[in-house]
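*Asks:* my_file_33.cif (mmCIF, C-alpha atoms and all ligand atoms) pasted underneath:
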data_work
#
loop_
_atom_site.label_atom_id
_atom_site.label_comp_id
_atom_site.auth_asym_id
_atom_site.auth_seq_id
_atom_site.Cartn_x
_atom_site.Cartn_y
_atom_site.Cartn_z
CA MET A 1 2.73 -20.99 7.23
CA LYS A 2 2.72 -18.76 10.29
CA VAL A 3 2.28 -15.24 8.90
CA LEU A 4 2.28 -11.80 10.54
CA VAL A 5 0.43 -9.02 8.72
CA THR A 6 1.27 -5.57 10.06
CA GLY A 7 -1.45 -3.06 9.21
CA GLY A 8 -3.84 -5.99 8.77
CA ALA A 9 -6.82 -3.84 9.80
CA GLY A 10 -6.12 -1.48 6.89
CA PHE A 11 -7.17 -1.57 3.26
CA ILE A 12 -4.34 -3.59 1.67
CA GLY A 13 -3.31 -5.50 4.82
CA GLY A 14 -6.96 -6.50 5.40
CA HIS A 15 -7.18 -8.03 1.93
CA ILE A 16 -3.84 -9.83 2.43
CA ALA A 17 -4.90 -11.25 5.82
CA ARG A 18 -8.26 -12.51 4.45
CA ASP A 19 -6.50 -14.07 1.47
CA LEU A 20 -4.00 -15.85 3.75
CA LEU A 21 -6.79 -17.16 5.99
CA LYS A 22 -8.69 -18.47 2.94
CA ARG A 23 -5.55 -20.35 1.92
CA GLY A 24 -5.34 -22.00 5.35
CA HIS A 25 -2.40 -20.13 6.87
CA GLU A 26 -2.11 -19.17 10.53
CA VAL A 27 -2.51 -15.39 10.53
CA PHE A 28 -1.38 -12.85 13.13
CA VAL A 29 -2.24 -9.16 12.79
CA VAL A 30 -0.77 -6.10 14.48
CA ASP A 31 -2.40 -2.71 13.99
CA ASN A 32 -2.69 0.50 16.03
CA MET A 33 -6.16 1.15 14.49
CA ARG A 34 -5.20 4.71 13.50
CA THR A 35 -6.80 4.22 10.06
CA GLY A 36 -7.79 0.57 10.49
CA ASP A 37 -11.31 -0.81 10.27
CA GLU A 38 -12.59 -3.49 12.66
CA ARG A 39 -14.39 -5.23 9.79
CA ASN A 40 -10.97 -6.26 8.49
CA LEU A 41 -10.32 -8.18 11.72
CA ILE A 42 -13.27 -10.56 11.37
CA GLY A 43 -11.90 -14.11 11.58
CA ILE A 44 -8.51 -13.00 12.92
CA LYS A 45 -7.82 -14.92 16.14
CA ASN A 46 -4.39 -13.45 16.87
CA PHE A 47 -4.68 -9.66 17.00
CA TYR A 48 -2.31 -7.22 18.73
CA ASN A 49 -3.56 -3.65 19.09
CA LEU A 50 -0.10 -2.11 19.27
CA ASP A 51 1.85 0.73 17.70
CA LEU A 52 4.93 -0.62 15.91
CA GLY A 53 6.72 2.70 16.24
CA LYS A 54 6.66 2.85 20.03
CA ASP A 55 5.00 -0.07 21.89
CA ASN A 56 6.78 -3.12 23.29
CA LEU A 57 6.72 -5.86 20.62
CA ASP A 58 8.24 -8.77 22.60
CA GLU A 59 4.91 -10.65 22.81
CA ILE A 60 4.51 -10.63 19.01
CA PHE A 61 8.03 -11.83 18.25
CA LYS A 62 7.79 -14.83 20.56
CA ASN A 63 6.21 -16.42 17.47
CA ASP A 64 8.48 -17.88 14.82
CA PHE A 65 6.94 -16.42 11.68
CA ASP A 66 7.72 -17.85 8.25
CA LEU A 67 6.55 -14.71 6.53
CA ILE A 68 5.82 -11.11 7.49
CA TYR A 69 3.77 -8.74 5.37
CA HIS A 70 4.84 -5.35 6.72
CA PHE A 71 2.01 -3.14 5.48
CA ALA A 72 1.41 -0.96 8.55
CA GLY A 73 2.10 2.67 7.88
CA GLN A 74 0.49 5.90 6.94
CA SER A 75 0.06 6.18 3.18
CA SER A 76 -0.50 9.89 2.56
CA VAL A 77 2.05 12.42 1.30
CA GLU A 78 -0.26 15.15 2.65
CA ILE A 79 -0.16 13.70 6.19
CA SER A 80 3.64 13.27 6.00
CA TYR A 81 3.80 17.09 5.79
CA GLN A 82 1.13 17.70 8.44
CA ASP A 83 2.87 15.36 10.92
CA PRO A 84 6.39 14.42 9.73
CA VAL A 85 7.36 12.89 13.09
CA TYR A 86 4.40 10.49 13.04
CA ASP A 87 5.29 9.66 9.44
CA LEU A 88 8.87 8.81 10.45
CA ASP A 89 7.76 6.72 13.46
CA THR A 90 5.11 4.81 11.65
CA ASN A 91 6.73 4.30 8.25
CA THR A 92 10.42 3.98 9.12
CA LYS A 93 10.98 3.37 12.82
CA SER A 94 8.37 0.59 12.68
CA THR A 95 10.43 -1.20 9.99
CA LEU A 96 13.64 -0.80 11.94
CA ARG A 97 12.05 -2.11 15.14
CA ILE A 98 10.69 -5.21 13.35
CA LEU A 99 14.13 -5.87 11.83
CA LYS A 100 15.81 -5.49 15.23
CA HIS A 101 13.44 -8.12 16.68
CA LEU A 102 14.02 -10.47 13.75
CA SER A 103 17.77 -10.12 13.98
CA ASP A 104 17.66 -10.94 17.71
CA SER A 105 15.64 -14.11 17.05
CA ASN A 106 16.71 -17.40 15.49
CA PHE A 107 13.97 -18.08 12.96
CA LYS A 108 14.44 -17.50 9.24
CA CYS A 109 11.80 -15.24 7.78
CA HIS A 110 10.82 -13.53 4.53
CA ILE A 111 9.53 -10.00 5.01
CA ILE A 112 7.51 -8.35 2.25
CA TYR A 113 7.56 -4.60 2.73
CA ALA A 114 5.00 -2.10 1.39
CA SER A 115 7.24 0.47 -0.24
CA SER A 116 5.92 3.00 -2.70
CA MET A 117 6.32 4.40 -6.21
CA SER A 118 7.00 7.73 -4.49
CA VAL A 119 10.62 6.61 -3.91
CA TYR A 120 11.25 7.38 -7.61
CA GLY A 121 10.01 10.99 -7.59
CA GLY A 122 8.04 12.36 -10.52
CA SER A 123 10.82 13.50 -12.85
CA GLU A 124 11.38 12.14 -16.36
CA PRO A 125 12.19 9.64 -17.81
CA MET A 126 9.20 7.34 -17.45
CA PRO A 127 8.31 4.52 -17.00
CA LYS A 128 10.17 3.98 -13.74
CA SER A 129 12.04 0.72 -13.42
CA GLU A 130 13.63 -0.83 -10.35
CA ASN A 131 17.19 0.15 -11.29
CA ASP A 132 16.36 3.84 -11.70
CA ASP A 133 17.75 6.39 -9.25
CA LEU A 134 15.51 6.99 -6.24
CA LYS A 135 14.84 10.72 -6.49
CA GLY A 136 11.68 10.93 -4.35
CA GLN A 137 12.04 14.06 -2.26
CA ASN A 138 8.89 14.38 -0.15
CA PHE A 139 8.78 13.32 3.53
CA TYR A 140 6.77 10.18 2.75
CA ALA A 141 9.24 9.08 0.04
CA ILE A 142 12.24 9.65 2.32
CA GLY A 143 10.69 7.33 4.94
CA LYS A 144 9.99 4.59 2.39
CA LYS A 145 13.53 4.86 0.93
CA ALA A 146 15.03 4.62 4.43
CA SER A 147 12.96 1.51 5.20
CA GLU A 148 14.13 -0.13 1.96
CA SER A 149 17.74 0.63 2.94
CA TYR A 150 17.33 -0.82 6.45
CA LEU A 151 15.88 -4.01 4.94
CA SER A 152 18.76 -4.30 2.51
CA ILE A 153 21.44 -3.78 5.18
CA TYR A 154 19.83 -6.19 7.69
CA SER A 155 19.41 -8.88 5.02
CA SER A 156 23.12 -8.78 4.26
CA MET A 157 24.00 -9.16 7.97
CA LYS A 158 21.35 -11.56 9.26
CA ASN A 159 19.11 -14.49 8.45
CA ILE A 160 16.44 -12.25 6.93
CA ASN A 161 15.13 -12.24 3.37
CA TYR A 162 13.12 -9.28 2.16
CA THR A 163 11.18 -8.08 -0.85
CA SER A 164 10.30 -4.40 -1.09
CA VAL A 165 7.21 -4.13 -3.25
CA ARG A 166 6.96 -0.62 -4.69
CA LEU A 167 3.21 -0.15 -4.79
CA PHE A 168 1.84 2.32 -7.31
CA ASN A 169 -1.75 3.65 -6.83
CA ILE A 170 -3.64 0.73 -5.29
CA TYR A 171 -7.44 0.91 -5.19
CA GLY A 172 -10.49 -1.31 -4.84
CA PRO A 173 -13.33 -2.43 -2.58
CA GLY A 174 -12.61 -2.02 1.11
CA GLN A 175 -10.76 1.27 0.64
CA ASN A 176 -11.71 3.78 3.32
CA LEU A 177 -14.11 6.23 1.64
CA LYS A 178 -14.32 8.34 4.82
CA ASN A 179 -10.61 9.19 4.72
CA LEU A 180 -10.17 12.05 2.27
CA SER A 181 -6.40 12.30 2.86
CA GLN A 182 -5.27 9.08 1.20
CA GLY A 183 -5.97 7.27 -2.07
CA MET A 184 -6.50 9.47 -5.15
CA LEU A 185 -9.22 7.33 -6.72
CA SER A 186 -11.07 6.69 -3.46
CA ILE A 187 -10.98 10.41 -2.53
CA TYR A 188 -12.64 11.39 -5.83
CA LEU A 189 -15.09 8.48 -5.76
CA ALA A 190 -16.14 9.25 -2.17
CA GLN A 191 -16.88 12.88 -3.06
CA ALA A 192 -18.78 11.91 -6.20
CA LEU A 193 -20.94 9.47 -4.26
CA GLU A 194 -21.63 11.89 -1.39
CA SER A 195 -22.18 15.14 -3.31
CA ASN A 196 -22.39 16.77 -6.72
CA GLN A 197 -18.82 18.02 -6.75
CA ILE A 198 -15.25 16.73 -6.68
CA ILE A 199 -12.45 18.89 -5.26
CA VAL A 200 -9.16 18.20 -7.06
CA LYS A 201 -5.95 19.46 -5.44
CA GLY A 202 -3.58 20.11 -8.37
CA SER A 203 -3.62 19.74 -12.14
CA LEU A 204 -6.06 17.57 -14.07
CA LYS A 205 -3.11 16.63 -16.31
CA ARG A 206 -1.26 14.79 -13.51
CA THR A 207 -0.98 11.08 -14.21
CA ARG A 208 -0.83 7.92 -12.09
CA ASP A 209 -0.48 4.16 -12.60
CA PHE A 210 -3.48 2.43 -10.95
CA VAL A 211 -3.55 -1.21 -9.83
CA HIS A 212 -6.64 -2.98 -8.52
CA ILE A 213 -6.29 -4.75 -5.16
CA PHE A 214 -7.31 -8.14 -6.65
CA ASP A 215 -4.39 -7.88 -9.11
CA VAL A 216 -2.10 -6.94 -6.19
CA LEU A 217 -3.13 -10.13 -4.33
CA ASN A 218 -2.35 -12.24 -7.40
CA PHE A 219 1.14 -10.73 -7.61
CA LEU A 220 1.83 -11.12 -3.88
CA ARG A 221 0.87 -14.81 -3.90
CA LYS A 222 3.54 -15.37 -6.58
CA ILE A 223 6.16 -13.36 -4.69
CA GLU A 224 5.59 -14.93 -1.23
CA ASN A 225 7.69 -18.07 -1.58
CA ASN A 226 9.63 -17.27 -4.72
CA GLN A 227 13.33 -17.16 -3.90
CA SER A 228 14.09 -15.26 -7.10
CA CYS A 229 12.15 -12.35 -5.57
CA PHE A 230 14.26 -12.27 -2.40
CA ASN A 231 16.41 -9.32 -1.36
CA GLN A 232 15.36 -6.84 -3.99
CA SER A 233 12.69 -4.28 -4.91
CA ILE A 234 9.86 -5.02 -7.34
CA ASN A 235 7.32 -2.59 -8.83
CA ILE A 236 3.66 -3.47 -8.43
CA CYS A 237 2.20 -1.43 -11.27
CA SER A 238 0.03 -1.80 -14.37
CA GLY A 239 2.24 0.01 -16.90
CA ILE A 240 -0.81 2.09 -17.88
CA GLU A 241 -0.75 5.87 -17.38
CA THR A 242 -4.08 7.50 -16.51
CA SER A 243 -4.55 11.26 -16.12
CA VAL A 244 -6.68 12.78 -13.37
CA GLN A 245 -9.06 14.02 -16.09
CA GLU A 246 -9.44 10.48 -17.51
CA LEU A 247 -9.99 9.09 -14.03
CA LEU A 248 -12.68 11.69 -13.26
CA ASP A 249 -14.40 10.96 -16.59
CA GLU A 250 -14.54 7.23 -15.72
CA ILE A 251 -15.86 7.86 -12.20
CA ILE A 252 -18.52 10.30 -13.42
CA SER A 253 -19.63 8.00 -16.24
CA GLU A 254 -19.91 5.02 -13.82
CA ILE A 255 -21.90 7.05 -11.27
CA GLY A 256 -24.10 8.56 -13.95
CA LYS A 257 -24.86 11.99 -12.49
CA GLU A 258 -23.72 15.54 -13.20
CA ILE A 259 -20.67 16.45 -11.12
CA LYS A 260 -18.80 19.76 -10.92
CA ILE A 261 -14.97 19.67 -10.75
CA ILE A 262 -13.43 22.29 -8.45
CA GLN A 263 -9.66 22.72 -8.73
CA GLN A 264 -7.56 23.84 -5.76
CA GLU A 265 -3.84 24.37 -5.13
CA LYS A 266 -1.68 21.23 -5.26
CA THR A 267 -0.56 19.42 -2.10
CA SER A 268 3.08 19.87 -0.97
CA GLY A 269 5.36 17.21 -2.41
CA ASP A 270 2.81 16.02 -5.00
CA ILE A 271 4.23 14.74 -8.30
CA ASN A 272 3.05 15.52 -11.85
CA ARG A 273 3.57 12.22 -13.57
CA MET A 274 3.94 8.56 -12.60
CA LEU A 275 4.17 5.38 -14.64
CA GLY A 276 5.76 2.09 -13.69
CA CYS A 277 7.70 -0.41 -15.78
CA THR A 278 6.16 -3.89 -15.46
CA LYS A 279 9.03 -5.90 -17.01
CA LYS A 280 10.55 -7.26 -13.80
CA LEU A 281 7.16 -7.90 -12.17
CA GLU A 282 5.89 -9.82 -15.19
CA SER A 283 9.05 -11.88 -15.62
CA LEU A 284 9.21 -12.86 -11.91
CA THR A 285 5.51 -13.62 -11.45
CA GLY A 286 4.41 -14.59 -14.97
CA LEU A 287 1.42 -12.29 -14.47
CA SER A 288 0.16 -8.91 -15.61
CA THR A 289 -2.80 -6.85 -14.39
CA LYS A 290 -6.24 -8.03 -15.48
CA ILE A 291 -8.61 -5.36 -14.16
CA ASN A 292 -8.81 -2.01 -15.98
CA ILE A 293 -9.89 1.26 -14.35
CA LYS A 294 -13.47 1.05 -15.62
CA GLN A 295 -13.95 -2.50 -14.30
CA GLY A 296 -12.15 -1.59 -11.08
CA ILE A 297 -14.35 1.43 -10.29
CA LYS A 298 -17.37 -0.78 -10.96
CA THR A 299 -16.17 -3.35 -8.38
CA MET A 300 -16.08 -0.56 -5.77
CA ILE A 301 -19.52 0.82 -6.62
CA ASP A 302 -21.02 -2.69 -6.72
CA ALA A 303 -19.52 -3.53 -3.31
CA ILE A 304 -20.97 -0.32 -1.84
CA ASN A 305 -24.41 -0.88 -3.41
CA GLN A 306 -24.50 -4.48 -2.17
CA ASN A 307 -23.18 -3.39 1.24
CA LYS A 308 -20.40 -5.95 0.89
CA TYR A 309 -17.50 -3.71 1.96
CA PHE A 310 -14.55 -5.58 0.47
CA GLU A 311 -15.73 -8.05 -2.18
N1 LIG B 401 -2.78 2.40 -0.98
C1 LIG B 401 -1.81 2.70 -1.83
O1 LIG B 401 -2.04 3.09 -2.98
C2 LIG B 401 -0.37 2.58 -1.41
C3 LIG B 401 0.62 2.94 -2.32
C4 LIG B 401 1.97 2.82 -1.93
C5 LIG B 401 2.30 2.33 -0.68
N2 LIG B 401 1.29 2.01 0.18
C6 LIG B 401 1.68 1.52 1.51
O2 LIG B 401 0.94 0.33 1.80
C7 LIG B 401 0.68 0.25 3.19
C8 LIG B 401 -0.80 0.02 3.42
O3 LIG B 401 -1.54 1.09 2.86
P1 LIG B 401 -3.14 1.14 2.90
O4 LIG B 401 -3.58 1.88 1.70
O5 LIG B 401 -3.67 -0.20 3.18
O6 LIG B 401 -3.36 2.09 4.15
P2 LIG B 401 -4.35 1.91 5.42
O7 LIG B 401 -4.28 3.20 6.15
O8 LIG B 401 -5.68 1.45 4.97
O9 LIG B 401 -3.66 0.74 6.23
C9 LIG B 401 -2.56 0.94 7.06
C10 LIG B 401 -2.83 0.25 8.38
O10 LIG B 401 -1.66 0.37 9.19
C11 LIG B 401 -2.06 0.73 10.51
N3 LIG B 401 -0.94 1.44 11.13
C12 LIG B 401 -0.42 2.64 10.76
N4 LIG B 401 0.62 2.96 11.52
C13 LIG B 401 0.79 1.92 12.39
C14 LIG B 401 1.71 1.68 13.45
N5 LIG B 401 2.67 2.56 13.77
N6 LIG B 401 1.59 0.52 14.16
C15 LIG B 401 0.62 -0.38 13.85
N7 LIG B 401 -0.29 -0.18 12.87
C16 LIG B 401 -0.20 0.96 12.15
C17 LIG B 401 -3.31 1.58 10.32
O11 LIG B 401 -4.15 1.66 11.47
C18 LIG B 401 -3.99 0.88 9.15
O12 LIG B 401 -4.87 -0.13 9.59
C19 LIG B 401 1.21 1.54 3.81
O13 LIG B 401 2.51 1.30 4.32
C20 LIG B 401 1.31 2.48 2.63
O14 LIG B 401 2.31 3.47 2.80
C21 LIG B 401 -0.03 2.12 -0.14
#
Represent the structure contained in this file as structure tokens.
Ligand SMILES: NC(=O)c1ccc[n+]([C@@H]2O[C@H](COP(=O)([O-])OP(=O)(O)OC[C@H]3O[C@@H](n4cnc5c(N)ncnc54)[C@H](O)[C@@H]3O)[C@@H](O)[C@H]2O)c1
*Replies:*
Amino acid sequence: MKVLVTGGAGFIGGHIARDLLKRGHEVFVVDNMRTGDERNLIGIKNFYNLDLGKDNLDEIFKNDFDLIYHFAGQSSVEISYQDPVYDLDTNTKSTLRILKHLSDSNFKCHIIYASSMSVYGGSEPMPKSENDDLKGQNFYAIGKKASESYLSIYSSMKNINYTSVRLFNIYGPGQNLKNLSQGMLSIYLAQALESNQIIVKGSLKRTRDFVHIFDVLNFLRKIENNQSCFNQSINICSGIETSVQELLDEIISEIGKEIKIIQQEKTSGDINRMLGCTKKLESLTGLSTKINIKQGIKTMIDAINQNKYFE
């Protein structure tokens, strides 16, 4: 297949692009390198250093892609408050501009979009399933909800199939440990590795649903060409709720040194609780997650110790 991966220099997009290459597909990547890492571009012959929110995209869409993984975007609620206009451009306008190009072209394409659990908001009841109301009220969630709506409307008008994958907290080797604005687990792990303290913004009782990147890849491979996944939203979650305190305990026990926890005020728009329902994901893919938090943290520490970056 001819596949475009937007955000292919980033954490999740980088893993997707490598996985596609390994499976023999022709891979194209577009990334503005805002949070991307050049190591993710090794082996990528077709790379466009462009911003999907504002640059001319004609050159990219001369290609008749079979599949697009649209994973470019900024993934931090905190940054969506610091720079809401960039958040809108990069997470919503980028989606709309891709859809406009696809609708003007003649090829039939499946687009898999990186939506987020934040579309649900953090209110009860839990776990969140795909038919629940979308009550996410922070700037980041609004952008993801809007992108999902654009995909749905375009698919009903044009020759476009989409799947919005609602990613919960994705983590694993290759996550950017220098970026302390995105990725709860990677933010705490980076601090624990670099110092003897971890700063936690908000309550230790907050919960999240963590999914290891290798499990994510297994799910995506099953979704890619599966027509029963077309034109709908699917959670990518583990169905396991982990508190910040439990997460910190696992990180500290894996690292094996004494670490002080310093609590600070919570970030604007942060949610208290999150847990996903896995029913739809499991019935469509026949899979469930295999890697638990303890094993997952170990994969990250092992990759760092062996200087392997993403394995
Ligand atoms: N990591 C998670 O837990 C998580 C959870 C829910 C949703 N998501 C979504 O998944 C996607 C990937 O997240 P990630 O964790 O890999 O983040 P990342 O920052 O590692 O990767 C995003 C990539 O997109 C690129 N990018 C950003 N804006 C762009 C633009 N306007 N044009 C071109 N390239 C652009 C960045 O340079 C980066 O390489 C994002 O859309 C994010 O919102 C991630």
*Asks:* Could you list, as a count of residues only, all protein and nucleic acid residues with an atom at most 8 Å from ligand LIG 401 (chain B), counting all atoms listed in the file?
*Replies:* 51
*Asks:* Tell me which of A:Tyr188, A:Phe107, A:Tyr86, A:Phe219 sits closest to Phe139 in chain A, counting only C-alpha atoms.
*Replies:*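 Comparing A:Tyr188, A:Phe107, A:Tyr86, A:Phe219 against Phe139 in chain A, the winner is A:Tyr86.
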*Asks:* What does the distance between CA of Asn131 in chain A and CA of Ser228 in chain A come to in Å, to one decimal place?
*Replies:*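 Those two atoms sit 16.3 Å apart.
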*Asks:* Using all atoms listed in the file, pick whichever of A:Ile271, A:Leu204, A:Met126, A:Val211 has the shortest atom-to-atom distance to Val77 in chain A.
*Replies:*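 Of A:Ile271, A:Leu204, A:Met126, A:Val211, the one nearest Val77 in chain A, counting all atoms listed in the file, is A:Ile271.
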*Asks:* Pick out the residues sitting within 12 Å of range 20-24 of chain A, and hand them over as number ranges by chain; count all atoms listed in the file, and ignore anything fewer than 3 positions along from it in its own chain.
*Replies:* A: 1-5, 8, 13-17, 27-29, 40-46, 67-69, 217-218, 220-221, 224
*Asks:* At what distance in Å, to one decimal, does CA of Arg208 in chain A lie from CA of Thr163 in chain A?
*Replies:*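 Calculated distance between CA of Thr163 in chain A and CA of Arg208 in chain A is 22.9 Å.
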*Asks:* Kindly give the distance, in Å, that separates CA of Glu148 in chain A and CA of Lys178 in chain A, rounded to a single decimal.
*Replies:*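 Computed distance, CA of Glu148 in chain A to CA of Lys178 in chain A, equals 29.8 Å.
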*Asks:* Which polymer residues, whether protein, DNA or RNA, lie within 7 Å of the coordinate (4.2, 16.3, 4.6) when you count only C-alpha atoms? List them as an MDAnalysis selection string, using the chain letters and numbers from the file.
*Replies:* chainID A and resid 77:84 138:140 268
*Asks:* Name the closest residue to Asn235 in chain A among the candidates A:Lys158, A:Lys128, A:Arg273, A:His212; distances are taken between atoms, counting all atoms listed in the file.
*Replies:*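 Closest candidate: A:Lys128.
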*Asks:* Can you work out which one of A:Ile301, A:Ser195, A:Arg206, A:Leu281 has the shortest atom-to-atom distance to Ile261 in chain A, counting all atoms listed in the file?
*Replies:*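 Checking each candidate against Ile261 in chain A, we get A:Ser195 as the closest.
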*Asks:* Go through A:Asp215, A:Glu130, A:Glu38, A:Glu258 one by one, measure the shortest atom-to-atom distance of each to Leu193 in chain A using only C-alpha atoms, and give the residue with the smallest value.
*Replies:*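 Going through A:Asp215, A:Glu130, A:Glu38, A:Glu258 one by one, the smallest distance to Leu193 in chain A is for A:Glu258.
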*Asks:* Determine, counting all atoms listed in the file, which protein, DNA and RNA residues have an atom within 6 Å of an atom of range 284-300 of chain A; residues of the same chain fewer than 5 positions away are not included. Present the result as a ChimeraX atom specification.
*Replies:* /A:172-173,215,222,238
*Asks:* Which one of A:Ser129, A:Ser164, A:Gln191, A:Thr207 sits closest to Thr278 in chain A if you count all atoms listed in the file?
*Replies:* A:Ser129
